[in-house]
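Colleague: To start, I am sharing the structure in question, which I have written as structure tokens.
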Amino acid sequence: MSLIAGSYERFIWGFKLKPLTHDPPSQSLTLTQIFSYPSHIAPITTVAAAGPAAASGSSDDTIHIYDLSSAASLGPLHHFSSSITSLSFYCPPNLSFPRNLLSAAADGTISIFDTEPFVLLKSFRSHKKCINDLAVHPSGKLALSVSRDGCLAMSNLMRGKRSFCCRLGKEATIVKFDESGERFFMASEEKIGVHLAEDARLLFELDNQKRVLCAAPGEGGILFTGGESRSITAWDTNSGKVAYCIEDAHSTRLKGIVVLTKDGGSDDEPYLVASASSDGFIRVWDVRMAVKEKPNPLAEANTKSRLTCLAGSSLKSSKRPRIGKSTPKEEDVEEEV
């Protein structure tokens, strides 16, 4: 398993999560650094990872691509005229290598890239103002985005255009689908709305007391959130109640949460969640222990930088990402995405 984090100081950080011993019952883990360098010329705003591929976006108007299997940078993508605000890979369930990379930008545009190799398929305007977050449906056919224009937009990824837009009561900063794609979550300040994907109907709101800055869906209707509270809160989105909470997981606000393993594993496999904070620490937790008492992190790394984002990958594919030199014609988009 690998983690990738971005920082305000322009550095990209890569780590591998490895067993500290060969004794499974001990469950001792360590975060081994695989790379760290200033990959951008401005603060890194977003990262994404799937299989051996990883990407980072920055306010320098570029996306950088990485091969996690070889800990190598593959270079930048220069197709933008504004800051990159959100990145998301689409990986079909039967594949271990992502098929597409989607990016959102401060000028309200969404870009779709093929990943074999990385070439631009389509860019289109989805919002009038900066896009705060982007979420791809598990089917890969549509995406949701929220923006500073106070709107929620749905984009048809098969055709490469916006298909629906509605104005929200207040600006949302985070949008995520659950693992089934039947529900989605929107965060605005300290509130998280749980919505049906079919008609966007609000089921109920979760009150986090303090501003939510990051979220990650887990299995069984669990949603992990973090932010100004400095804690990792696991919400049961079926009941609308807190399932458990890791209090004071970091000394300052959380900027990223990643679910690393699924609950369907063996008894010896912990349910791992990683968190990153502005305090510079990346920590890995066995959240099953949080039900009984505050757990100690299974592993941690101190980057000594102001972290801004976090992503993770299981590295199951033997393929290596590469950047292409040509861009397909626009009429080919519908067939390739």
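Ligands are numbered from 1 in the order shown, residues from 1 within each chain, and chains are lettered A, B, ... in the order they appear in the structure tokens.
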Find the residues around Ser36 in chain A up to 8 Å (only C-alpha atoms counted), leave out those fewer than 4 positions away in its own chain, and share them as a VMD selection string.

Modeller: chain A and resid 11 to 14

Colleague: Just to be explicit: take each residue in the selection above, keep N, CA and C atoms, and write the result as a short mmCIF file (atom, residue, chain, number, x, y, z; two decimals), in the first residue's frame.

Modeller:
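This is the output file result_37.cif:
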```
data_model
loop_
_atom_site.label_atom_id
_atom_site.label_comp_id
_atom_site.auth_asym_id
_atom_site.auth_seq_id
_atom_site.Cartn_x
_atom_site.Cartn_y
_atom_site.Cartn_z
N PHE A 11 6.05 20.56 -1.87
CA PHE A 11 6.64 19.22 -1.85
C PHE A 11 5.56 18.15 -2.04
N ILE A 12 5.94 17.10 -2.76
CA ILE A 12 5.13 15.90 -2.86
C ILE A 12 5.82 14.82 -2.04
N TRP A 13 5.05 14.08 -1.27
CA TRP A 13 5.59 13.04 -0.38
C TRP A 13 4.98 11.70 -0.75
N GLY A 14 5.83 10.69 -0.90
CA GLY A 14 5.36 9.34 -1.18
C GLY A 14 5.84 8.37 -0.11
#
```

Colleague: Taking only C-alpha atoms into account, produce a table as JSON lines in which each residue of range 11-100 of chain A with an atom at most 8 Å from an atom of range 113-125 of chain A appears once, together with its shortest atom pair and the distance in Å to one decimal, ordered by chain and rising number.

Modeller:
```
{"residue": "A:His79", "atom": "CA", "partner": "A:Leu120", "partner_atom": "CA", "distance": 7.9}
{"residue": "A:Pro98", "atom": "CA", "partner": "A:Thr115", "partner_atom": "CA", "distance": 6.8}
{"residue": "A:Arg99", "atom": "CA", "partner": "A:Thr115", "partner_atom": "CA", "distance": 5.6}
{"residue": "A:Asn100", "atom": "CA", "partner": "A:Asp114", "partner_atom": "CA", "distance": 4.8}
```

Colleague: Measuring atom to atom with only C-alpha atoms, identify which of A:Ala215, A:Asn296, A:Ala301, A:Asp286 is nearest to Asp248 in chain A.

Modeller: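 Of A:Ala215, A:Asn296, A:Ala301, A:Asp286, the one nearest Asp248 in chain A is A:Asn296, counting only C-alpha atoms.
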
Colleague: So that I can see what lies close to range 202-212 of chain A, please list as JSON, numbers by chain the residues with an atom at most 12 Å from it, counting only C-alpha atoms and leaving out residues fewer than 3 positions away in the same chain.

Modeller: {"A": [168, 172, 173, 174, 175, 183, 184, 185, 186, 187, 188, 189, 190, 191, 192, 193, 194, 195, 196, 197, 198, 199, 215, 216, 223, 224, 225, 226, 227, 228, 229, 230, 231, 232, 233, 234, 235, 236, 237, 238, 239, 240, 241, 242, 245, 253, 254, 255, 256, 257]}

Colleague: Can you work out which one of A:Cys214, A:Ala274, A:Ala5, A:Leu77 has the shortest atom-to-atom distance to Ser111 in chain A, counting only C-alpha atoms?

Modeller: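 Of A:Cys214, A:Ala274, A:Ala5, A:Leu77, the one nearest Ser111 in chain A is A:Leu77, counting only C-alpha atoms.
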
Colleague: Fewer than 3 positions away in the same chain doesn't count, so skip those; otherwise give me all residues within 12 Å of Ser73 in chain A, counting only C-alpha atoms, as a PDB file with all heavy atoms, in the first residue's frame.

Modeller:
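In the end it all went to around.pdb:
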```pdb
ATOM      1  N   ILE A  12       5.939  17.104  -2.760  1.00  0.00           N
ATOM      2  CA  ILE A  12       5.129  15.899  -2.857  1.00  0.00           C
ATOM      3  C   ILE A  12       5.823  14.819  -2.038  1.00  0.00           C
ATOM      4  O   ILE A  12       7.048  14.678  -2.090  1.00  0.00           O
ATOM      5  CB  ILE A  12       4.933  15.456  -4.332  1.00  0.00           C
ATOM      6  CG1 ILE A  12       3.849  14.376  -4.427  1.00  0.00           C
ATOM      7  CG2 ILE A  12       6.230  14.987  -4.965  1.00  0.00           C
ATOM      8  CD1 ILE A  12       2.450  14.903  -4.271  1.00  0.00           C
ATOM      9  N   TRP A  13       5.046  14.078  -1.267  1.00  0.00           N
ATOM     10  CA  TRP A  13       5.589  13.041  -0.384  1.00  0.00           C
ATOM     11  C   TRP A  13       4.983  11.699  -0.754  1.00  0.00           C
ATOM     12  O   TRP A  13       3.763  11.573  -0.905  1.00  0.00           O
ATOM     13  CB  TRP A  13       5.265  13.349   1.081  1.00  0.00           C
ATOM     14  CG  TRP A  13       5.844  14.625   1.584  1.00  0.00           C
ATOM     15  CD1 TRP A  13       5.323  15.880   1.436  1.00  0.00           C
ATOM     16  CD2 TRP A  13       7.057  14.787   2.312  1.00  0.00           C
ATOM     17  NE1 TRP A  13       6.134  16.814   2.021  1.00  0.00           N
ATOM     18  CE2 TRP A  13       7.214  16.180   2.572  1.00  0.00           C
ATOM     19  CE3 TRP A  13       8.025  13.898   2.785  1.00  0.00           C
ATOM     20  CZ2 TRP A  13       8.294  16.689   3.279  1.00  0.00           C
ATOM     21  CZ3 TRP A  13       9.104  14.410   3.492  1.00  0.00           C
ATOM     22  CH2 TRP A  13       9.232  15.782   3.725  1.00  0.00           C
ATOM     23  N   GLY A  14       5.827  10.685  -0.903  1.00  0.00           N
ATOM     24  CA  GLY A  14       5.364   9.336  -1.175  1.00  0.00           C
ATOM     25  C   GLY A  14       5.841   8.375  -0.108  1.00  0.00           C
ATOM     26  O   GLY A  14       7.015   8.424   0.302  1.00  0.00           O
ATOM     27  N   ILE A  34       9.375   6.930   0.060  1.00  0.00           N
ATOM     28  CA  ILE A  34       9.897   6.513  -1.239  1.00  0.00           C
ATOM     29  C   ILE A  34      10.303   7.698  -2.103  1.00  0.00           C
ATOM     30  O   ILE A  34      11.105   7.551  -3.015  1.00  0.00           O
ATOM     31  CB  ILE A  34       8.904   5.597  -1.989  1.00  0.00           C
ATOM     32  CG1 ILE A  34       7.545   6.287  -2.165  1.00  0.00           C
ATOM     33  CG2 ILE A  34       8.754   4.271  -1.278  1.00  0.00           C
ATOM     34  CD1 ILE A  34       6.535   5.474  -2.963  1.00  0.00           C
ATOM     35  N   PHE A  35       9.739   8.878  -1.840  1.00  0.00           N
ATOM     36  CA  PHE A  35      10.216  10.078  -2.513  1.00  0.00           C
ATOM     37  C   PHE A  35       9.708  11.314  -1.788  1.00  0.00           C
ATOM     38  O   PHE A  35       8.718  11.272  -1.056  1.00  0.00           O
ATOM     39  CB  PHE A  35       9.816  10.134  -3.997  1.00  0.00           C
ATOM     40  CG  PHE A  35       8.342  10.037  -4.271  1.00  0.00           C
ATOM     41  CD1 PHE A  35       7.500  11.130  -4.106  1.00  0.00           C
ATOM     42  CD2 PHE A  35       7.788   8.845  -4.726  1.00  0.00           C
ATOM     43  CE1 PHE A  35       6.151  11.046  -4.377  1.00  0.00           C
ATOM     44  CE2 PHE A  35       6.434   8.742  -5.001  1.00  0.00           C
ATOM     45  CZ  PHE A  35       5.618   9.856  -4.821  1.00  0.00           C
ATOM     46  N   SER A  36      10.408  12.412  -2.011  1.00  0.00           N
ATOM     47  CA  SER A  36      10.023  13.708  -1.465  1.00  0.00           C
ATOM     48  C   SER A  36      10.830  14.776  -2.189  1.00  0.00           C
ATOM     49  O   SER A  36      12.054  14.776  -2.134  1.00  0.00           O
ATOM     50  CB  SER A  36      10.300  13.769   0.041  1.00  0.00           C
ATOM     51  OG  SER A  36      10.118  15.090   0.516  1.00  0.00           O
ATOM     52  N   TYR A  37      10.139  15.680  -2.876  1.00  0.00           N
ATOM     53  CA  TYR A  37      10.828  16.755  -3.582  1.00  0.00           C
ATOM     54  C   TYR A  37       9.799  17.818  -4.000  1.00  0.00           C
ATOM     55  O   TYR A  37       8.594  17.535  -4.048  1.00  0.00           O
ATOM     56  CB  TYR A  37      11.567  16.220  -4.807  1.00  0.00           C
ATOM     57  CG  TYR A  37      10.684  15.609  -5.858  1.00  0.00           C
ATOM     58  CD1 TYR A  37      10.233  16.348  -6.955  1.00  0.00           C
ATOM     59  CD2 TYR A  37      10.268  14.273  -5.758  1.00  0.00           C
ATOM     60  CE1 TYR A  37       9.415  15.787  -7.909  1.00  0.00           C
ATOM     61  CE2 TYR A  37       9.442  13.708  -6.705  1.00  0.00           C
ATOM     62  CZ  TYR A  37       9.023  14.470  -7.779  1.00  0.00           C
ATOM     63  OH  TYR A  37       8.191  13.918  -8.723  1.00  0.00           O
ATOM     64  N   PRO A  38      10.248  19.027  -4.321  1.00  0.00           N
ATOM     65  CA  PRO A  38       9.307  20.080  -4.753  1.00  0.00           C
ATOM     66  C   PRO A  38       8.891  19.872  -6.201  1.00  0.00           C
ATOM     67  O   PRO A  38       9.574  20.297  -7.129  1.00  0.00           O
ATOM     68  CB  PRO A  38      10.122  21.370  -4.573  1.00  0.00           C
ATOM     69  CG  PRO A  38      11.543  20.939  -4.684  1.00  0.00           C
ATOM     70  CD  PRO A  38      11.615  19.544  -4.148  1.00  0.00           C
ATOM     71  N   SER A  39       7.770  19.203  -6.418  1.00  0.00           N
ATOM     72  CA  SER A  39       7.334  18.845  -7.770  1.00  0.00           C
ATOM     73  C   SER A  39       6.615  19.988  -8.471  1.00  0.00           C
ATOM     74  O   SER A  39       6.465  19.968  -9.690  1.00  0.00           O
ATOM     75  CB  SER A  39       6.433  17.612  -7.728  1.00  0.00           C
ATOM     76  OG  SER A  39       5.277  17.875  -6.961  1.00  0.00           O
ATOM     77  N   HIS A  40       6.151  20.981  -7.716  1.00  0.00           N
ATOM     78  CA  HIS A  40       5.434  22.111  -8.305  1.00  0.00           C
ATOM     79  C   HIS A  40       6.138  23.417  -7.921  1.00  0.00           C
ATOM     80  O   HIS A  40       7.021  23.427  -7.044  1.00  0.00           O
ATOM     81  CB  HIS A  40       3.987  22.138  -7.824  1.00  0.00           C
ATOM     82  CG  HIS A  40       3.144  21.013  -8.350  1.00  0.00           C
ATOM     83  ND1 HIS A  40       2.376  21.127  -9.494  1.00  0.00           N
ATOM     84  CD2 HIS A  40       2.939  19.755  -7.887  1.00  0.00           C
ATOM     85  CE1 HIS A  40       1.738  19.986  -9.708  1.00  0.00           C
ATOM     86  NE2 HIS A  40       2.064  19.139  -8.750  1.00  0.00           N
ATOM     87  N   PRO A  52      -0.856   1.785  -9.639  1.00  0.00           N
ATOM     88  CA  PRO A  52       0.486   2.375  -9.594  1.00  0.00           C
ATOM     89  C   PRO A  52       0.523   3.839 -10.000  1.00  0.00           C
ATOM     90  O   PRO A  52       1.579   4.462  -9.986  1.00  0.00           O
ATOM     91  CB  PRO A  52       1.253   1.525 -10.610  1.00  0.00           C
ATOM     92  CG  PRO A  52       0.220   1.162 -11.620  1.00  0.00           C
ATOM     93  CD  PRO A  52      -1.078   0.995 -10.868  1.00  0.00           C
ATOM     94  N   ALA A  53      -0.616   4.402 -10.380  1.00  0.00           N
ATOM     95  CA  ALA A  53      -0.658   5.778 -10.877  1.00  0.00           C
ATOM     96  C   ALA A  53      -1.050   6.745  -9.767  1.00  0.00           C
ATOM     97  O   ALA A  53      -1.919   6.463  -8.940  1.00  0.00           O
ATOM     98  CB  ALA A  53      -1.646   5.895 -12.033  1.00  0.00           C
ATOM     99  N   ALA A  54      -0.405   7.909  -9.771  1.00  0.00           N
ATOM    100  CA  ALA A  54      -0.740   8.971  -8.840  1.00  0.00           C
ATOM    101  C   ALA A  54      -0.606  10.299  -9.564  1.00  0.00           C
ATOM    102  O   ALA A  54       0.107  10.422 -10.560  1.00  0.00           O
ATOM    103  CB  ALA A  54       0.168   8.938  -7.612  1.00  0.00           C
ATOM    104  N   ALA A  55      -1.323  11.297  -9.049  1.00  0.00           N
ATOM    105  CA  ALA A  55      -1.309  12.617  -9.677  1.00  0.00           C
ATOM    106  C   ALA A  55      -1.430  13.688  -8.604  1.00  0.00           C
ATOM    107  O   ALA A  55      -2.044  13.469  -7.554  1.00  0.00           O
ATOM    108  CB  ALA A  55      -2.457  12.749 -10.683  1.00  0.00           C
ATOM    109  N   SER A  56      -0.831  14.833  -8.883  1.00  0.00           N
ATOM    110  CA  SER A  56      -0.939  15.978  -7.993  1.00  0.00           C
ATOM    111  C   SER A  56      -1.308  17.214  -8.795  1.00  0.00           C
ATOM    112  O   SER A  56      -0.867  17.389  -9.931  1.00  0.00           O
ATOM    113  CB  SER A  56       0.377  16.221  -7.237  1.00  0.00           C
ATOM    114  OG  SER A  56       1.434  16.521  -8.139  1.00  0.00           O
ATOM    115  N   ILE A  63      -0.734  19.604 -13.661  1.00  0.00           N
ATOM    116  CA  ILE A  63      -0.889  18.311 -13.005  1.00  0.00           C
ATOM    117  C   ILE A  63       0.398  17.531 -13.243  1.00  0.00           C
ATOM    118  O   ILE A  63       0.913  17.493 -14.366  1.00  0.00           O
ATOM    119  CB  ILE A  63      -2.081  17.525 -13.582  1.00  0.00           C
ATOM    120  CG1 ILE A  63      -3.397  18.231 -13.260  1.00  0.00           C
ATOM    121  CG2 ILE A  63      -2.114  16.097 -13.036  1.00  0.00           C
ATOM    122  CD1 ILE A  63      -4.607  17.587 -13.926  1.00  0.00           C
ATOM    123  N   HIS A  64       0.928  16.915 -12.185  1.00  0.00           N
ATOM    124  CA  HIS A  64       2.098  16.052 -12.327  1.00  0.00           C
ATOM    125  C   HIS A  64       1.676  14.606 -12.110  1.00  0.00           C
ATOM    126  O   HIS A  64       0.866  14.303 -11.231  1.00  0.00           O
ATOM    127  CB  HIS A  64       3.191  16.436 -11.325  1.00  0.00           C
ATOM    128  CG  HIS A  64       3.988  17.636 -11.738  1.00  0.00           C
ATOM    129  ND1 HIS A  64       5.309  17.570 -12.096  1.00  0.00           N
ATOM    130  CD2 HIS A  64       3.631  18.938 -11.860  1.00  0.00           C
ATOM    131  CE1 HIS A  64       5.751  18.767 -12.424  1.00  0.00           C
ATOM    132  NE2 HIS A  64       4.743  19.623 -12.283  1.00  0.00           N
ATOM    133  N   ILE A  65       2.232  13.712 -12.931  1.00  0.00           N
ATOM    134  CA  ILE A  65       1.908  12.286 -12.883  1.00  0.00           C
ATOM    135  C   ILE A  65       3.091  11.507 -12.309  1.00  0.00           C
ATOM    136  O   ILE A  65       4.256  11.807 -12.606  1.00  0.00           O
ATOM    137  CB  ILE A  65       1.581  11.753 -14.299  1.00  0.00           C
ATOM    138  CG1 ILE A  65       0.462  12.593 -14.938  1.00  0.00           C
ATOM    139  CG2 ILE A  65       1.168  10.286 -14.240  1.00  0.00           C
ATOM    140  CD1 ILE A  65      -0.848  12.566 -14.188  1.00  0.00           C
ATOM    141  N   TYR A  66       2.788  10.482 -11.500  1.00  0.00           N
ATOM    142  CA  TYR A  66       3.825   9.683 -10.834  1.00  0.00           C
ATOM    143  C   TYR A  66       3.553   8.198 -11.023  1.00  0.00           C
ATOM    144  O   TYR A  66       2.393   7.760 -11.115  1.00  0.00           O
ATOM    145  CB  TYR A  66       3.870   9.987  -9.330  1.00  0.00           C
ATOM    146  CG  TYR A  66       3.897  11.458  -9.006  1.00  0.00           C
ATOM    147  CD1 TYR A  66       2.701  12.160  -8.811  1.00  0.00           C
ATOM    148  CD2 TYR A  66       5.092  12.161  -8.915  1.00  0.00           C
ATOM    149  CE1 TYR A  66       2.708  13.515  -8.524  1.00  0.00           C
ATOM    150  CE2 TYR A  66       5.110  13.516  -8.625  1.00  0.00           C
ATOM    151  CZ  TYR A  66       3.915  14.191  -8.432  1.00  0.00           C
ATOM    152  OH  TYR A  66       3.909  15.532  -8.155  1.00  0.00           O
ATOM    153  N   ASP A  67       4.636   7.427 -11.080  1.00  0.00           N
ATOM    154  CA  ASP A  67       4.570   5.970 -11.082  1.00  0.00           C
ATOM    155  C   ASP A  67       4.987   5.508  -9.694  1.00  0.00           C
ATOM    156  O   ASP A  67       6.165   5.560  -9.333  1.00  0.00           O
ATOM    157  CB  ASP A  67       5.502   5.399 -12.154  1.00  0.00           C
ATOM    158  CG  ASP A  67       5.487   3.872 -12.183  1.00  0.00           C
ATOM    159  OD1 ASP A  67       4.700   3.271 -11.421  1.00  0.00           O
ATOM    160  OD2 ASP A  67       6.269   3.287 -12.951  1.00  0.00           O
ATOM    161  N   LEU A  68       4.030   5.055  -8.897  1.00  0.00           N
ATOM    162  CA  LEU A  68       4.321   4.662  -7.523  1.00  0.00           C
ATOM    163  C   LEU A  68       5.155   3.385  -7.442  1.00  0.00           C
ATOM    164  O   LEU A  68       5.915   3.196  -6.500  1.00  0.00           O
ATOM    165  CB  LEU A  68       3.013   4.476  -6.746  1.00  0.00           C
ATOM    166  CG  LEU A  68       2.176   5.734  -6.523  1.00  0.00           C
ATOM    167  CD1 LEU A  68       0.874   5.382  -5.812  1.00  0.00           C
ATOM    168  CD2 LEU A  68       2.953   6.768  -5.731  1.00  0.00           C
ATOM    169  N   SER A  69       5.033   2.507  -8.441  1.00  0.00           N
ATOM    170  CA  SER A  69       5.778   1.243  -8.405  1.00  0.00           C
ATOM    171  C   SER A  69       7.281   1.462  -8.537  1.00  0.00           C
ATOM    172  O   SER A  69       8.077   0.707  -7.994  1.00  0.00           O
ATOM    173  CB  SER A  69       5.288   0.304  -9.509  1.00  0.00           C
ATOM    174  OG  SER A  69       5.462   0.900 -10.783  1.00  0.00           O
ATOM    175  N   SER A  70       7.672   2.518  -9.254  1.00  0.00           N
ATOM    176  CA  SER A  70       9.094   2.822  -9.415  1.00  0.00           C
ATOM    177  C   SER A  70       9.493   4.110  -8.709  1.00  0.00           C
ATOM    178  O   SER A  70      10.650   4.534  -8.806  1.00  0.00           O
ATOM    179  CB  SER A  70       9.450   2.932 -10.904  1.00  0.00           C
ATOM    180  OG  SER A  70       8.725   3.989 -11.512  1.00  0.00           O
ATOM    181  N   PRO A  76       4.772  16.649 -16.185  1.00  0.00           N
ATOM    182  CA  PRO A  76       3.543  17.415 -16.009  1.00  0.00           C
ATOM    183  C   PRO A  76       2.596  17.327 -17.202  1.00  0.00           C
ATOM    184  O   PRO A  76       2.987  16.969 -18.310  1.00  0.00           O
ATOM    185  CB  PRO A  76       4.065  18.843 -15.851  1.00  0.00           C
ATOM    186  CG  PRO A  76       5.279  18.872 -16.742  1.00  0.00           C
ATOM    187  CD  PRO A  76       5.884  17.480 -16.696  1.00  0.00           C
ATOM    188  N   LEU A  77       1.343  17.685 -16.954  1.00  0.00           N
ATOM    189  CA  LEU A  77       0.335  17.885 -17.986  1.00  0.00           C
ATOM    190  C   LEU A  77       0.043  19.382 -18.045  1.00  0.00           C
ATOM    191  O   LEU A  77      -0.354  19.981 -17.044  1.00  0.00           O
ATOM    192  CB  LEU A  77      -0.941  17.111 -17.670  1.00  0.00           C
ATOM    193  CG  LEU A  77      -0.810  15.588 -17.524  1.00  0.00           C
ATOM    194  CD1 LEU A  77      -2.144  14.986 -17.081  1.00  0.00           C
ATOM    195  CD2 LEU A  77      -0.337  14.948 -18.814  1.00  0.00           C
ATOM    196  N   ARG A 320       2.504   0.199 -15.917  1.00  0.00           N
ATOM    197  CA  ARG A 320       3.152   1.448 -15.540  1.00  0.00           C
ATOM    198  C   ARG A 320       2.506   2.608 -16.292  1.00  0.00           C
ATOM    199  O   ARG A 320       2.300   2.519 -17.497  1.00  0.00           O
ATOM    200  CB  ARG A 320       4.652   1.401 -15.861  1.00  0.00           C
ATOM    201  CG  ARG A 320       5.431   0.520 -14.900  1.00  0.00           C
ATOM    202  CD  ARG A 320       6.918   0.718 -15.085  1.00  0.00           C
ATOM    203  NE  ARG A 320       7.673   0.060 -14.053  1.00  0.00           N
ATOM    204  CZ  ARG A 320       8.987   0.171 -13.906  1.00  0.00           C
ATOM    205  NH1 ARG A 320       9.677   0.909 -14.759  1.00  0.00           N
ATOM    206  NH2 ARG A 320       9.614  -0.446 -12.936  1.00  0.00           N
ATOM    207  N   PRO A 321       2.180   3.680 -15.579  1.00  0.00           N
ATOM    208  CA  PRO A 321       1.576   4.834 -16.263  1.00  0.00           C
ATOM    209  C   PRO A 321       2.593   5.529 -17.156  1.00  0.00           C
ATOM    210  O   PRO A 321       3.798   5.485 -16.910  1.00  0.00           O
ATOM    211  CB  PRO A 321       1.145   5.734 -15.097  1.00  0.00           C
ATOM    212  CG  PRO A 321       2.019   5.343 -13.958  1.00  0.00           C
ATOM    213  CD  PRO A 321       2.300   3.881 -14.136  1.00  0.00           C
ATOM    214  N   ARG A 322       2.096   6.190 -18.205  1.00  0.00           N
ATOM    215  CA  ARG A 322       2.961   6.965 -19.089  1.00  0.00           C
ATOM    216  C   ARG A 322       2.157   8.120 -19.672  1.00  0.00           C
ATOM    217  O   ARG A 322       0.932   8.074 -19.752  1.00  0.00           O
ATOM    218  CB  ARG A 322       3.530   6.105 -20.220  1.00  0.00           C
ATOM    219  CG  ARG A 322       2.477   5.427 -21.092  1.00  0.00           C
ATOM    220  CD  ARG A 322       3.091   4.363 -21.980  1.00  0.00           C
ATOM    221  NE  ARG A 322       2.083   3.697 -22.794  1.00  0.00           N
ATOM    222  CZ  ARG A 322       1.763   4.048 -24.030  1.00  0.00           C
ATOM    223  NH1 ARG A 322       2.382   5.077 -24.604  1.00  0.00           N
ATOM    224  NH2 ARG A 322       0.844   3.392 -24.704  1.00  0.00           N
ATOM    225  N   ILE A 323       2.871   9.168 -20.049  1.00  0.00           N
ATOM    226  CA  ILE A 323       2.241  10.360 -20.592  1.00  0.00           C
ATOM    227  C   ILE A 323       2.341  10.325 -22.107  1.00  0.00           C
ATOM    228  O   ILE A 323       3.407  10.068 -22.668  1.00  0.00           O
ATOM    229  CB  ILE A 323       2.915  11.629 -20.042  1.00  0.00           C
ATOM    230  CG1 ILE A 323       2.654  11.733 -18.539  1.00  0.00           C
ATOM    231  CG2 ILE A 323       2.407  12.874 -20.752  1.00  0.00           C
ATOM    232  CD1 ILE A 323       3.286  12.938 -17.893  1.00  0.00           C
TER     233      ILE A 323
END
```

Colleague: Fewer than 5 positions away in the same chain doesn't count, so skip those; otherwise give me all residues within 6 Å of Leu102 in chain A, counting only C-alpha atoms, as JSON, numbers by chain.

Modeller: {"A": [87, 88, 111, 112]}

Colleague: Could you pull out all residues of range 59-106 of chain A with a DSSP call of strand (DSSP E or B) and give them as a PyMOL selection string?

Modeller: chain A and resi 63-67+72-77+84-90+100-105

Colleague: CA of Val287 in chain A and CA of Ala243 in chain A are how many Å apart?

Modeller: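 Those two atoms sit 10.8 Å apart.
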
Colleague: Between CA of Ala106 in chain A and CA of Gly150 in chain A, what is the distance, to one decimal in Å?

Modeller: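 Calculated distance between CA of Ala106 in chain A and CA of Gly150 in chain A is 13.8 Å.
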
Colleague: List the spatial neighbours of Cys165 in chain A as a list in words - criterion: any atom at most 7 Å away, only C-alpha atoms, same-chain residues fewer than 4 positions off excluded.

Modeller: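 Result of the neighbour search: Cys151, Leu152, Ala153 and Met154 of chain A.
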
Colleague: For the residues in that selection, give me N, CA and C atoms as a PDB file, in the first residue's frame.

Modeller:
```pdb
ATOM      1  N   CYS A 151     -23.469  26.115  -6.541  1.00  0.00           N
ATOM      2  CA  CYS A 151     -24.249  25.139  -7.290  1.00  0.00           C
ATOM      3  C   CYS A 151     -23.681  23.731  -7.169  1.00  0.00           C
ATOM      4  N   LEU A 152     -24.571  22.761  -7.342  1.00  0.00           N
ATOM      5  CA  LEU A 152     -24.214  21.357  -7.522  1.00  0.00           C
ATOM      6  C   LEU A 152     -24.464  21.027  -8.989  1.00  0.00           C
ATOM      7  N   ALA A 153     -23.450  20.470  -9.655  1.00  0.00           N
ATOM      8  CA  ALA A 153     -23.583  20.135 -11.073  1.00  0.00           C
ATOM      9  C   ALA A 153     -23.340  18.652 -11.283  1.00  0.00           C
ATOM     10  N   MET A 154     -24.082  18.069 -12.240  1.00  0.00           N
ATOM     11  CA  MET A 154     -23.847  16.696 -12.659  1.00  0.00           C
ATOM     12  C   MET A 154     -23.347  16.722 -14.099  1.00  0.00           C
TER      13      MET A 154
END
```
